[in-house]
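Undergrad: Contents of run_0.tsv (TSV, C-alpha atoms) are below:
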```tsv
chain	number	residue	atom	x	y	z
A	1	ASP	CA	-3.51	-7.27	10.74
A	2	THR	CA	-3.58	-5.16	7.57
A	3	GLU	CA	-3.84	-7.99	5.13
A	4	VAL	CA	-6.39	-9.29	2.67
A	5	THR	CA	-5.92	-13.00	1.99
A	6	GLN	CA	-7.21	-14.96	-0.97
A	7	THR	CA	-7.40	-18.68	-1.66
A	8	PRO	CA	-6.57	-20.52	-3.74
A	9	LYS	CA	-3.59	-18.80	-5.34
A	10	HIS	CA	-4.08	-20.69	-8.60
A	11	LEU	CA	-7.13	-22.50	-9.96
A	12	VAL	CA	-7.60	-24.51	-13.13
A	13	MET	CA	-11.14	-25.59	-13.97
A	14	GLY	CA	-13.14	-27.00	-16.82
A	15	MET	CA	-16.19	-25.32	-18.27
A	16	THR	CA	-18.55	-27.69	-16.46
A	17	ASN	CA	-16.93	-27.40	-13.03
A	18	LYS	CA	-18.17	-25.53	-9.99
A	19	LYS	CA	-15.54	-23.86	-7.85
A	20	SER	CA	-15.30	-21.03	-5.32
A	21	LEU	CA	-12.81	-18.29	-4.58
A	22	LYS	CA	-12.39	-17.10	-1.03
A	23	CYS	CA	-11.33	-13.75	0.39
A	24	GLU	CA	-10.81	-12.79	4.04
A	25	GLN	CA	-9.90	-9.62	5.91
A	26	HIS	CA	-9.66	-8.85	9.62
A	27	MET	CA	-9.31	-5.08	9.48
A	28	GLY	CA	-12.92	-4.40	10.42
A	29	HIS	CA	-13.62	-3.12	6.93
A	30	ARG	CA	-17.29	-3.00	5.97
A	31	ALA	CA	-16.88	-2.78	2.19
A	32	MET	CA	-15.49	-5.61	0.08
A	33	TYR	CA	-14.93	-5.85	-3.65
A	34	TRP	CA	-14.30	-8.36	-6.43
A	35	TYR	CA	-12.27	-7.28	-9.44
A	36	LYS	CA	-11.25	-9.08	-12.61
A	37	GLN	CA	-7.89	-8.26	-14.15
A	38	LYS	CA	-6.72	-9.37	-17.58
A	39	ALA	CA	-3.04	-9.27	-18.46
A	40	LYS	CA	-1.58	-5.79	-18.92
A	41	LYS	CA	-4.91	-4.15	-18.04
A	42	PRO	CA	-6.22	-2.34	-14.96
A	43	PRO	CA	-8.61	-4.16	-12.63
A	44	GLU	CA	-12.29	-4.10	-13.63
A	45	LEU	CA	-14.84	-3.86	-10.84
A	46	MET	CA	-17.29	-6.76	-10.68
A	47	PHE	CA	-19.13	-6.54	-7.34
A	48	VAL	CA	-19.25	-4.38	-4.23
A	49	TYR	CA	-20.56	-5.47	-0.85
A	50	SER	CA	-21.36	-2.82	1.70
A	51	TYR	CA	-22.21	-3.95	5.23
A	52	GLU	CA	-22.58	-7.51	3.93
A	53	LYS	CA	-25.14	-6.51	1.33
A	54	LEU	CA	-24.56	-6.49	-2.41
A	55	SER	CA	-24.57	-2.83	-3.42
A	56	ILE	CA	-23.05	-2.90	-6.89
A	57	ASN	CA	-23.13	-5.53	-9.63
A	58	GLU	CA	-21.37	-4.26	-12.73
A	59	SER	CA	-23.55	-6.32	-15.10
A	60	VAL	CA	-21.53	-9.44	-14.40
A	61	PRO	CA	-22.79	-12.69	-16.02
A	62	SER	CA	-24.73	-14.95	-13.69
A	63	ARG	CA	-22.06	-17.67	-13.95
A	64	PHE	CA	-20.28	-15.53	-11.33
A	65	SER	CA	-22.15	-15.54	-8.02
A	66	PRO	CA	-20.83	-13.54	-5.06
A	67	GLU	CA	-21.58	-14.22	-1.44
A	68	CYS	CA	-20.72	-12.37	1.77
A	69	PRO	CA	-21.37	-14.73	4.73
A	70	ASN	CA	-20.09	-12.21	7.29
A	71	SER	CA	-18.17	-8.97	7.53
A	72	SER	CA	-14.78	-10.68	7.19
A	73	LEU	CA	-15.46	-13.12	4.37
A	74	LEU	CA	-16.25	-12.78	0.70
A	75	ASN	CA	-16.73	-15.65	-1.72
A	76	LEU	CA	-17.07	-15.82	-5.47
A	77	HIS	CA	-18.83	-18.94	-6.74
A	78	LEU	CA	-18.00	-19.99	-10.27
A	79	HIS	CA	-20.08	-22.22	-12.53
A	80	ALA	CA	-20.06	-22.96	-16.25
A	81	LEU	CA	-17.26	-20.51	-16.97
A	82	GLN	CA	-15.87	-19.79	-20.40
A	83	PRO	CA	-12.19	-19.72	-21.45
A	84	GLU	CA	-12.41	-15.93	-21.78
A	85	ASP	CA	-13.08	-15.77	-18.03
A	86	SER	CA	-9.46	-16.76	-17.42
A	87	ALA	CA	-7.91	-13.87	-15.50
A	88	LEU	CA	-6.55	-12.73	-12.15
A	89	TYR	CA	-9.40	-12.25	-9.67
A	90	LEU	CA	-8.65	-9.69	-7.01
A	91	CYS	CA	-10.45	-9.07	-3.77
A	92	ALA	CA	-10.21	-5.74	-1.96
A	93	SER	CA	-11.63	-4.14	1.15
A	94	SER	CA	-12.06	-0.63	2.52
A	95	GLN	CA	-13.41	0.92	5.69
A	96	SER	CA	-16.74	1.85	4.17
A	97	PRO	CA	-17.89	3.46	0.96
A	98	THR	CA	-19.51	6.43	2.65
A	99	PRO	CA	-19.55	9.79	0.89
A	100	GLY	CA	-16.71	11.97	2.06
A	101	ALA	CA	-14.44	9.07	2.89
A	102	TYR	CA	-11.50	8.65	0.60
A	103	ASN	CA	-12.04	4.93	0.37
A	104	GLU	CA	-8.52	3.58	0.41
A	105	GLN	CA	-8.79	0.02	-0.82
A	106	PHE	CA	-6.52	-2.80	0.29
A	107	PHE	CA	-6.03	-5.58	-2.23
A	108	GLY	CA	-5.34	-9.26	-1.82
A	109	PRO	CA	-2.74	-11.12	-3.90
A	110	GLY	CA	-5.37	-12.52	-6.24
A	111	THR	CA	-6.38	-15.92	-7.59
A	112	ARG	CA	-5.02	-16.78	-11.02
A	113	LEU	CA	-7.91	-18.59	-12.76
A	114	THR	CA	-7.53	-20.67	-15.90
A	115	VAL	CA	-10.64	-22.06	-17.59
A	116	LEU	CA	-10.00	-24.92	-20.00
B	117	GLY	CA	-17.83	10.79	-15.72
B	118	ASN	CA	-14.54	10.09	-14.03
B	119	SER	CA	-11.43	9.15	-15.97
B	120	VAL	CA	-7.70	8.78	-15.44
B	121	THR	CA	-5.08	9.10	-18.16
B	122	GLN	CA	-1.57	7.77	-17.66
B	123	MET	CA	1.45	8.12	-19.85
B	124	GLU	CA	1.94	5.30	-22.31
B	125	GLY	CA	4.42	2.64	-21.38
B	126	PRO	CA	6.51	0.67	-21.22
B	127	VAL	CA	9.16	2.78	-19.53
B	128	THR	CA	12.71	1.45	-19.33
B	129	LEU	CA	15.30	3.17	-17.14
B	130	SER	CA	18.77	2.47	-15.84
B	131	GLU	CA	19.28	2.07	-12.12
B	132	GLU	CA	19.57	5.41	-10.28
B	133	ALA	CA	17.77	7.31	-13.04
B	134	PHE	CA	15.01	9.81	-12.29
B	135	LEU	CA	11.46	8.59	-12.80
B	136	THR	CA	8.34	10.50	-13.77
B	137	ILE	CA	5.06	8.83	-14.68
B	138	ASN	CA	2.43	11.33	-15.72
B	139	CYS	CA	-1.17	11.05	-14.56
B	140	THR	CA	-4.05	13.42	-15.26
B	141	TYR	CA	-7.65	13.04	-14.27
B	142	THR	CA	-11.20	14.17	-14.88
B	143	ALA	CA	-13.61	13.92	-11.98
B	144	THR	CA	-16.71	15.39	-10.44
B	145	GLY	CA	-16.41	16.89	-7.01
B	146	TYR	CA	-13.21	16.54	-5.01
B	147	PRO	CA	-11.57	13.21	-5.75
B	148	SER	CA	-8.97	11.43	-3.70
B	149	LEU	CA	-5.96	10.28	-5.71
B	150	PHE	CA	-3.86	7.15	-5.42
B	151	TRP	CA	-0.89	5.37	-6.92
B	152	TYR	CA	-0.99	1.59	-6.76
B	153	VAL	CA	1.91	-0.71	-7.69
B	154	GLN	CA	1.64	-4.27	-8.95
B	155	TYR	CA	4.76	-6.43	-8.86
B	156	PRO	CA	4.91	-9.44	-11.20
B	157	GLY	CA	2.50	-12.17	-10.16
B	158	GLU	CA	1.06	-10.17	-7.27
B	159	GLY	CA	-1.98	-8.10	-6.36
B	160	LEU	CA	-2.08	-4.32	-6.11
B	161	GLN	CA	-0.38	-2.48	-3.27
B	162	LEU	CA	-1.20	1.08	-2.33
B	163	LEU	CA	1.97	3.10	-2.89
B	164	LEU	CA	0.78	6.55	-1.86
B	165	LYS	CA	-2.29	8.74	-1.68
B	166	ALA	CA	-3.47	12.35	-1.47
B	167	THR	CA	-6.93	13.44	-0.42
B	168	LYS	CA	-7.00	17.18	-1.14
B	169	ALA	CA	-5.41	19.79	-3.35
B	170	ASP	CA	-1.69	20.47	-2.74
B	171	ASP	CA	-1.32	17.34	-0.60
B	172	LYS	CA	1.90	15.44	-1.28
B	173	GLY	CA	1.82	11.68	-0.89
B	174	SER	CA	5.12	9.90	-0.35
B	175	ASN	CA	6.35	6.38	0.31
B	176	LYS	CA	9.53	4.37	-0.39
B	177	GLY	CA	11.14	7.37	-2.10
B	178	PHE	CA	8.18	7.93	-4.42
B	179	GLU	CA	6.26	11.21	-4.34
B	180	ALA	CA	3.20	12.68	-6.02
B	181	THR	CA	1.50	16.05	-5.50
B	182	TYR	CA	-2.24	16.62	-5.97
B	183	ARG	CA	-2.44	19.55	-8.43
B	184	LYS	CA	-6.03	20.73	-8.79
B	185	GLU	CA	-5.16	23.53	-11.22
B	186	THR	CA	-3.65	21.08	-13.71
B	187	THR	CA	-5.75	18.05	-12.62
B	188	SER	CA	-2.58	16.03	-12.29
B	189	PHE	CA	-0.94	13.59	-9.88
B	190	HIS	CA	2.43	12.73	-11.43
B	191	LEU	CA	4.55	10.04	-9.78
B	192	GLU	CA	8.26	10.79	-9.24
B	193	LYS	CA	11.27	9.08	-7.76
B	194	GLY	CA	14.74	10.53	-7.68
B	195	SER	CA	16.72	7.31	-8.06
B	196	VAL	CA	15.03	4.10	-9.17
B	197	GLN	CA	16.19	0.61	-8.30
B	198	VAL	CA	15.84	-2.70	-10.11
B	199	SER	CA	13.34	-3.71	-7.44
B	200	ASP	CA	11.02	-0.88	-8.55
B	201	SER	CA	10.26	-2.78	-11.75
B	202	ALA	CA	6.49	-3.20	-11.73
B	203	VAL	CA	3.26	-1.87	-13.19
B	204	TYR	CA	2.08	1.43	-11.71
B	205	PHE	CA	-1.60	2.43	-11.70
B	206	CYS	CA	-2.91	5.90	-11.04
B	207	ALA	CA	-6.44	5.90	-9.60
B	208	LEU	CA	-9.06	8.23	-8.21
B	209	SER	CA	-11.99	7.85	-5.86
B	210	SER	CA	-14.91	10.19	-6.25
B	211	GLY	CA	-18.67	10.46	-6.24
B	212	SER	CA	-21.18	9.13	-3.78
B	213	ALA	CA	-20.13	5.50	-4.26
B	214	ARG	CA	-16.42	6.34	-3.89
B	215	GLN	CA	-15.44	3.64	-6.39
B	216	LEU	CA	-11.94	3.53	-7.79
B	217	THR	CA	-11.33	4.59	-11.36
B	218	PHE	CA	-7.98	3.30	-12.66
B	219	GLY	CA	-5.67	4.52	-15.35
B	220	SER	CA	-4.41	2.04	-17.92
B	221	GLY	CA	-1.21	1.31	-16.03
B	222	THR	CA	2.45	1.98	-16.86
B	223	GLN	CA	4.97	-0.85	-17.02
B	224	LEU	CA	8.33	0.20	-15.55
B	225	THR	CA	11.48	-1.83	-16.11
B	226	VAL	CA	14.70	-0.79	-14.36
B	227	LEU	CA	17.92	-2.24	-15.72
B	228	PRO	CA	21.05	-2.76	-13.59
```
Produce structure tokens that represent the structure in this file.
TA:
Amino acid sequence: DTEVTQTPKHLVMGMTNKKSLKCEQHMGHRAMYWYKQKAKKPPELMFVYSYEKLSINESVPSRFSPECPNSSLLNLHLHALQPEDSALYLCASSQSPTPGAYNEQFFGPGTRLTVL
Amino acid sequence: GNSVTQMEGPVTLSEEAFLTINCTYTATGYPSLFWYVQYPGEGLQLLLKATKADDKGSNKGFEATYRKETTSFHLEKGSVQVSDSAVYFCALSSGSARQLTFGSGTQLTVLP
């Protein structure tokens, strides 16, 4: 299984809602990532989990809260989002972010989020 | 710091035309280089990669050679198809954290 899955595919939420995005991989990868992608732009890194621990937070607002319950799952909890947070949210995984490894990342199909 | 520069798009070609998308990079150490492709409405797929100088990555008729002397990793395909229409991202992985640095992306449209 060389696939990263993400649910839901589409999500519409109001600014007062709480929702969660889910990502799953069964490749035995120990690094997982959340990216945000706006239209016609490259992905922007949000968070990195390494061995189920948060290793990088790219100064993301606290209304985005990541969680890694186990080595196969990654969640992104959303609360009190703003319309400008509307974007494609991509999850990715790689074997491990160790120095010397070339860190090929496998991406999921993304969740298209619209905040009203 | 690390950076990737891609040729400005959009690029529009006729079917069976030759494709080149230029990519140059700046990086510390010895980066690994990647081309990712994003089809409309989808996530990113790894198209090809190269991990050291003079390596040639290839997949689905696409090729790119890691040129350390010119710090380049240009994407080429001899004969494009309509199904190749997508956005192509050049990226590198370098440094102790091995995070990906992406170029701005190049939109390719192939007309029948």
Undergrad: Using all atoms listed in the file and a cut-off of 12 Å, which residues of chain A sit close to chain B? Please list them as a PyMOL selection string.
TA: chain A and resi 2-6+9-10+31-33+35-50+55-56+58+87-112
Undergrad: What box, with edges along x, y and z, holds each listed atom of segment 78-86 of chain A when 8 Å is added on every side, and can you state its centre and edge lengths in Å to one decimal, as JSON?
TA:
```
{"center_x": -14.8, "center_y": -19.4, "center_z": -16.0, "size_x": 26.6, "size_y": 23.2, "size_z": 27.5}
```
Undergrad: Give me the residues near segment 187-193 of chain B as a list in words, where near means some atom within 8 Å (using only C-alpha atoms) and where sequence neighbours in that chain fewer than 6 positions away do not count.
TA: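 Final neighbour list, sorted by chain and number: Phe134, Leu135, Thr136, Ile137, Asn138, Cys139, Thr140, Tyr141, Thr142, Leu149, Trp151, Gly177, Phe178, Glu179, Ala180 and Thr181 of chain B.
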Undergrad: Using Å and a single decimal, report how far atom CA of Glu24 of chain A sits from atom CA of Leu116 of chain A.
TA: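 Atom CA of Glu24 of chain A lies 26.9 Å from atom CA of Leu116 of chain A.
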Undergrad: Can you work out the spacing between atom CA of Tyr155 of chain B and atom CA of Ser201 of chain B in Å, to one decimal?
TA: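 Computing it gives 7.2 Å between the two atoms.
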Undergrad: Provide the atom CA of Asn17 of chain A to atom CA of Thr114 of chain A distance in Å, to one decimal place.
TA: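 The value is 11.9 Å.
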Undergrad: Could you pull the residues within 8 Å of Lys22 of chain A, counting all atoms listed in the file, minus those fewer than 6 positions along the same chain, as an MDAnalysis selection string?
TA: chainID A and resid 6:8 73:76
Undergrad: Between A:Ser72, A:Ser59, A:Ser65, A:Ser86, which residue has the minimum interatomic distance to Lys18 of chain A, considering only C-alpha atoms?
TA: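 Using only C-alpha atoms, the shortest distance to Lys18 of chain A belongs to A:Ser65.
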